[in-house]
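Reviewing the structure listed below.
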Amino acid sequence: MDLSFGPAYEAFRAQLRAFIEQHGHEAPERVDLRAPRTLAWQQELIEHGYAGRTIPREYGGHGAPPDILEARIIAEEFARAQVSPGLAGQGIKMLIPTLLHFGSEAQRRQFIRPTLYGEMIWCQGYSEPNAGSDLASLRTHAVLEGDHWRVNGQKIWTSTAHLADWMFCLVRTEPDAPKHQGISFLLFPMSTPGIEVRPLTTMVGDASFNEVFFTDVRVPRDSMIGQRGDGWKVANTLLGFERGMLGDPNNTLMRFNALVELMKRETVDGTRLIDNPLLRERLMKIQGRMLALRANDLRLLSAGVNDTPARLAGLVVKLVGTELRHELEALAIDALGEIGALYRGSPLLRDDGMWQQHYMYFLGLIIGGGTAQIQKNIIAERGLGMPREPKLA
Ligand SMILES: Cc1cc2nc3c(=O)[nH]c(=O)nc-3n(C[C@H](O)[C@H](O)[C@H](O)COP(=O)(O)OP(=O)(O)OC[C@H]3O[C@@H](n4cnc5c(N)ncnc54)[C@H](O)[C@@H]3O)c2cc1C
């Protein structure tokens, strides 16, 4: 099977490699959302067309015509070089494509550029107590009063709410409609009076997500994406972008390469970790699954190029990708033995504790964006056409 993309694309790849070689040292090693270095790198990537490549120029993007193979080469090359491919938060990966789909011209002009440049950080107000997997049961509501919505209720597990400038939020606007039909999609600044953010500490040790409370929060009437009561459609489109992002096989490849390097570098009694047969077998199993995930990605790629649906291939990405990442990070910790148990503040710590951090974080991501069980239900019902899960009366 010939997997090369042809001479024109290989020239594009060579140009990109040269860029990474020349400028890669300017990339931040850790993504700190507000750091000048992070923002400068994002700007440089947009200018060269390696971030926001197909976003129209009038919205701040690079304005190149959509080309799935170029997008693929960009993802592959940054992963190969282990260099940051730029910002990838909820605003950029989830909200911008949703705005391009459903936003009005005024909304696109207002939000896309600052979001793409990392000047406007977003959080996602979907989940509530008792409305996680069953998201359509959400109870936070908005009542129209003249030219404003008045929002009351509570969200939970809101990642980056403490850092965010704005929230995209699901609210119930039609209390008497069937539950999927009474939801609307609102945008508002986190500085609006009546919003209270309370941090929740995760097992990583950071307060990276939060509870958010709304008391009589006033939101201008035109802050809605899509039609009133039509938010479920907008919300689901956005969830599709979220699932694609959460299992990204190129990120997995980047971590796999880092793991191989770690296992070659570290030794126990003079033997490299990679030469330990038990660890090596685990590494090979992960490599096999990773190659399967990348082959699945090629199915998505060729479906995209041929403009044919690839529903099942799309659905497995989040489920398999997040579980595989968790396994991969776990192997690094096990391979490091007693050093693997260290997390912060020790001179013996390897790679600044990132293996431990990712291990715990990816356990969370098996849940976030739709749990593994729910992904399996969706794959069974919508992907494989199996009978629907019986609903409790
Ligand atoms: C790291 C992380 C980040 C997150 N970030 C955000 C965010 O930024 N914004 C946001 O809005 N939300 C966020 N979430 C919330 C996340 O989307 C929800 O946790 C998730 O949808 C699950 O909902 P729940 O926690 O209410 O669990 P529940 O729905 O109560 O589920 C509990 C358990 O029951 C299982 N279960 C439930 N229903 C079924 C079923 N029908 N069949 C089989 N099993 C079932 C679930 O799989 C799970 O194991 C985040 C979560 C995590 C972990």
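A note on labels: chains of the structure tokens are A, B, ... as shown, every chain counts residues from 1, and ligands are counted from 1 in their shown order.
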
For this session: Quick one: everything within 10 Å of Leu69 (chain A), counting only C-alpha atoms, minus sequence neighbours fewer than 2 positions away in the same chain. Send it as a ChimeraX atom specification.
Result: /A:5,9,66-67,71-75,301-302,304-305

For this session: Please provide as a PyMOL selection string all residues within 7 Å of Gly231 (chain A), with the sequence filter that same-chain residues fewer than 2 positions apart are discarded (counting only C-alpha atoms).
Result: chain A and resi 183-185+226+228-229+233-235

Exercise. Taking only C-alpha atoms and all ligand atoms into account, which residues are within 8 Å of ligand 1, as a ChimeraX atom specification?
Worked result: /A:90,123-135,155-161,209,361-374,377,389

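Going from CA of Thr38 (chain A) to CA of Glu26 (chain A) covers 9.1 Å.
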
For this session: Quick one: everything within 12 Å of Glu70 (chain A), counting only C-alpha atoms, minus sequence neighbours fewer than 5 positions away in the same chain. Send it as number ranges by chain.
Result: A: 5-6, 8-16, 49-51, 53-54, 64-65, 75-77, 301, 305

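Interatomic distance, CA of Ser4 (chain A) to CA of Leu283 (chain A): 26.3 Å.
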
Exercise. Where in region 83-226 of chain A does DSSP assign strand (DSSP E), given as a PyMOL selection string?
Worked result: chain A and resi 122-125+141-145+148-159+166-172+183-189+195-200+209-220+224-225

With only C-alpha atoms counted and 8 Å as the cut-off, give the residues of region 204-264 of chain A in contact with region 328-340 of chain A, each with its shortest interatomic distance in Å and the pair that gives it, as CSV.
residue,atom,partner,partner_atom,distance
A:Arg255,CA,A:Leu328,CA,7.9
A:Phe256,CA,A:Leu328,CA,7.2
A:Leu259,CA,A:Ala332,CA,6.5
A:Leu262,CA,A:Ala332,CA,7.9
A:Met263,CA,A:Ala335,CA,7.6

For the residues in that selection, give me all heavy atoms as a PDB file, in the first residue's frame.
ATOM      1  N   ARG A 255       3.518  11.260  22.087  1.00  0.00           N
ATOM      2  CA  ARG A 255       3.827  10.722  23.418  1.00  0.00           C
ATOM      3  C   ARG A 255       4.503   9.351  23.285  1.00  0.00           C
ATOM      4  O   ARG A 255       5.362   8.992  24.080  1.00  0.00           O
ATOM      5  CB  ARG A 255       2.549  10.595  24.266  1.00  0.00           C
ATOM      6  CG  ARG A 255       1.936  11.905  24.647  1.00  0.00           C
ATOM      7  CD  ARG A 255       2.851  12.771  25.465  1.00  0.00           C
ATOM      8  NE  ARG A 255       2.999  12.330  26.849  1.00  0.00           N
ATOM      9  CZ  ARG A 255       3.922  12.788  27.691  1.00  0.00           C
ATOM     10  NH1 ARG A 255       4.794  13.693  27.287  1.00  0.00           N
ATOM     11  NH2 ARG A 255       3.987  12.348  28.927  1.00  0.00           N
ATOM     12  N   PHE A 256       4.109   8.564  22.292  1.00  0.00           N
ATOM     13  CA  PHE A 256       4.725   7.257  22.101  1.00  0.00           C
ATOM     14  C   PHE A 256       6.219   7.437  21.808  1.00  0.00           C
ATOM     15  O   PHE A 256       7.065   6.745  22.380  1.00  0.00           O
ATOM     16  CB  PHE A 256       4.026   6.494  20.957  1.00  0.00           C
ATOM     17  CG  PHE A 256       4.587   5.122  20.760  1.00  0.00           C
ATOM     18  CD1 PHE A 256       4.179   4.066  21.565  1.00  0.00           C
ATOM     19  CD2 PHE A 256       5.541   4.878  19.786  1.00  0.00           C
ATOM     20  CE1 PHE A 256       4.713   2.797  21.406  1.00  0.00           C
ATOM     21  CE2 PHE A 256       6.079   3.619  19.621  1.00  0.00           C
ATOM     22  CZ  PHE A 256       5.669   2.570  20.426  1.00  0.00           C
ATOM     23  N   LEU A 259       7.972   8.227  24.873  1.00  0.00           N
ATOM     24  CA  LEU A 259       8.090   7.049  25.746  1.00  0.00           C
ATOM     25  C   LEU A 259       9.245   6.146  25.290  1.00  0.00           C
ATOM     26  O   LEU A 259      10.027   5.648  26.105  1.00  0.00           O
ATOM     27  CB  LEU A 259       6.759   6.282  25.744  1.00  0.00           C
ATOM     28  CG  LEU A 259       6.710   4.985  26.534  1.00  0.00           C
ATOM     29  CD1 LEU A 259       7.062   5.207  28.006  1.00  0.00           C
ATOM     30  CD2 LEU A 259       5.312   4.340  26.428  1.00  0.00           C
ATOM     31  N   LEU A 262      12.387   7.718  26.415  1.00  0.00           N
ATOM     32  CA  LEU A 262      12.552   7.539  27.868  1.00  0.00           C
ATOM     33  C   LEU A 262      13.065   6.134  28.165  1.00  0.00           C
ATOM     34  O   LEU A 262      14.009   5.941  28.952  1.00  0.00           O
ATOM     35  CB  LEU A 262      11.205   7.764  28.572  1.00  0.00           C
ATOM     36  CG  LEU A 262      11.183   7.537  30.078  1.00  0.00           C
ATOM     37  CD1 LEU A 262      11.614   8.808  30.802  1.00  0.00           C
ATOM     38  CD2 LEU A 262       9.793   7.133  30.568  1.00  0.00           C
ATOM     39  N   MET A 263      12.471   5.140  27.511  1.00  0.00           N
ATOM     40  CA  MET A 263      12.845   3.751  27.811  1.00  0.00           C
ATOM     41  C   MET A 263      14.226   3.385  27.264  1.00  0.00           C
ATOM     42  O   MET A 263      14.859   2.451  27.728  1.00  0.00           O
ATOM     43  CB  MET A 263      11.762   2.796  27.288  1.00  0.00           C
ATOM     44  CG  MET A 263      10.485   2.915  28.125  1.00  0.00           C
ATOM     45  SD  MET A 263       9.097   1.930  27.533  1.00  0.00           S
ATOM     46  CE  MET A 263       9.703   0.261  27.773  1.00  0.00           C
TER      47      MET A 263
END

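Within the 9 Å cut-off around Val204 (chain A), using only C-alpha atoms and omitting residues fewer than 6 positions from it on the same chain, the listed residues are A:Gln356, A:Gln357, A:His358, A:Met360, A:Tyr361.
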
With N, CA, C and O atoms retained, write the just-selected residues as a PDB file, in the first residue's frame.
ATOM      1  N   GLN A 356       3.235  11.436  35.040  1.00  0.00           N
ATOM      2  CA  GLN A 356       2.235  11.287  36.101  1.00  0.00           C
ATOM      3  C   GLN A 356       1.045  12.209  35.844  1.00  0.00           C
ATOM      4  O   GLN A 356      -0.115  11.811  35.987  1.00  0.00           O
ATOM      5  N   GLN A 357       1.352  13.436  35.441  1.00  0.00           N
ATOM      6  CA  GLN A 357       0.301  14.415  35.159  1.00  0.00           C
ATOM      7  C   GLN A 357      -0.641  13.914  34.060  1.00  0.00           C
ATOM      8  O   GLN A 357      -1.860  13.929  34.202  1.00  0.00           O
ATOM      9  N   HIS A 358      -0.051  13.433  32.948  1.00  0.00           N
ATOM     10  CA  HIS A 358      -0.881  12.955  31.834  1.00  0.00           C
ATOM     11  C   HIS A 358      -1.669  11.701  32.219  1.00  0.00           C
ATOM     12  O   HIS A 358      -2.791  11.502  31.765  1.00  0.00           O
ATOM     13  N   MET A 360      -2.940  10.890  35.106  1.00  0.00           N
ATOM     14  CA  MET A 360      -4.134  11.259  35.877  1.00  0.00           C
ATOM     15  C   MET A 360      -5.111  12.040  35.009  1.00  0.00           C
ATOM     16  O   MET A 360      -6.314  11.840  35.062  1.00  0.00           O
ATOM     17  N   TYR A 361      -4.575  12.926  34.176  1.00  0.00           N
ATOM     18  CA  TYR A 361      -5.426  13.752  33.331  1.00  0.00           C
ATOM     19  C   TYR A 361      -6.235  12.875  32.357  1.00  0.00           C
ATOM     20  O   TYR A 361      -7.430  13.086  32.147  1.00  0.00           O
TER      21      TYR A 361
END
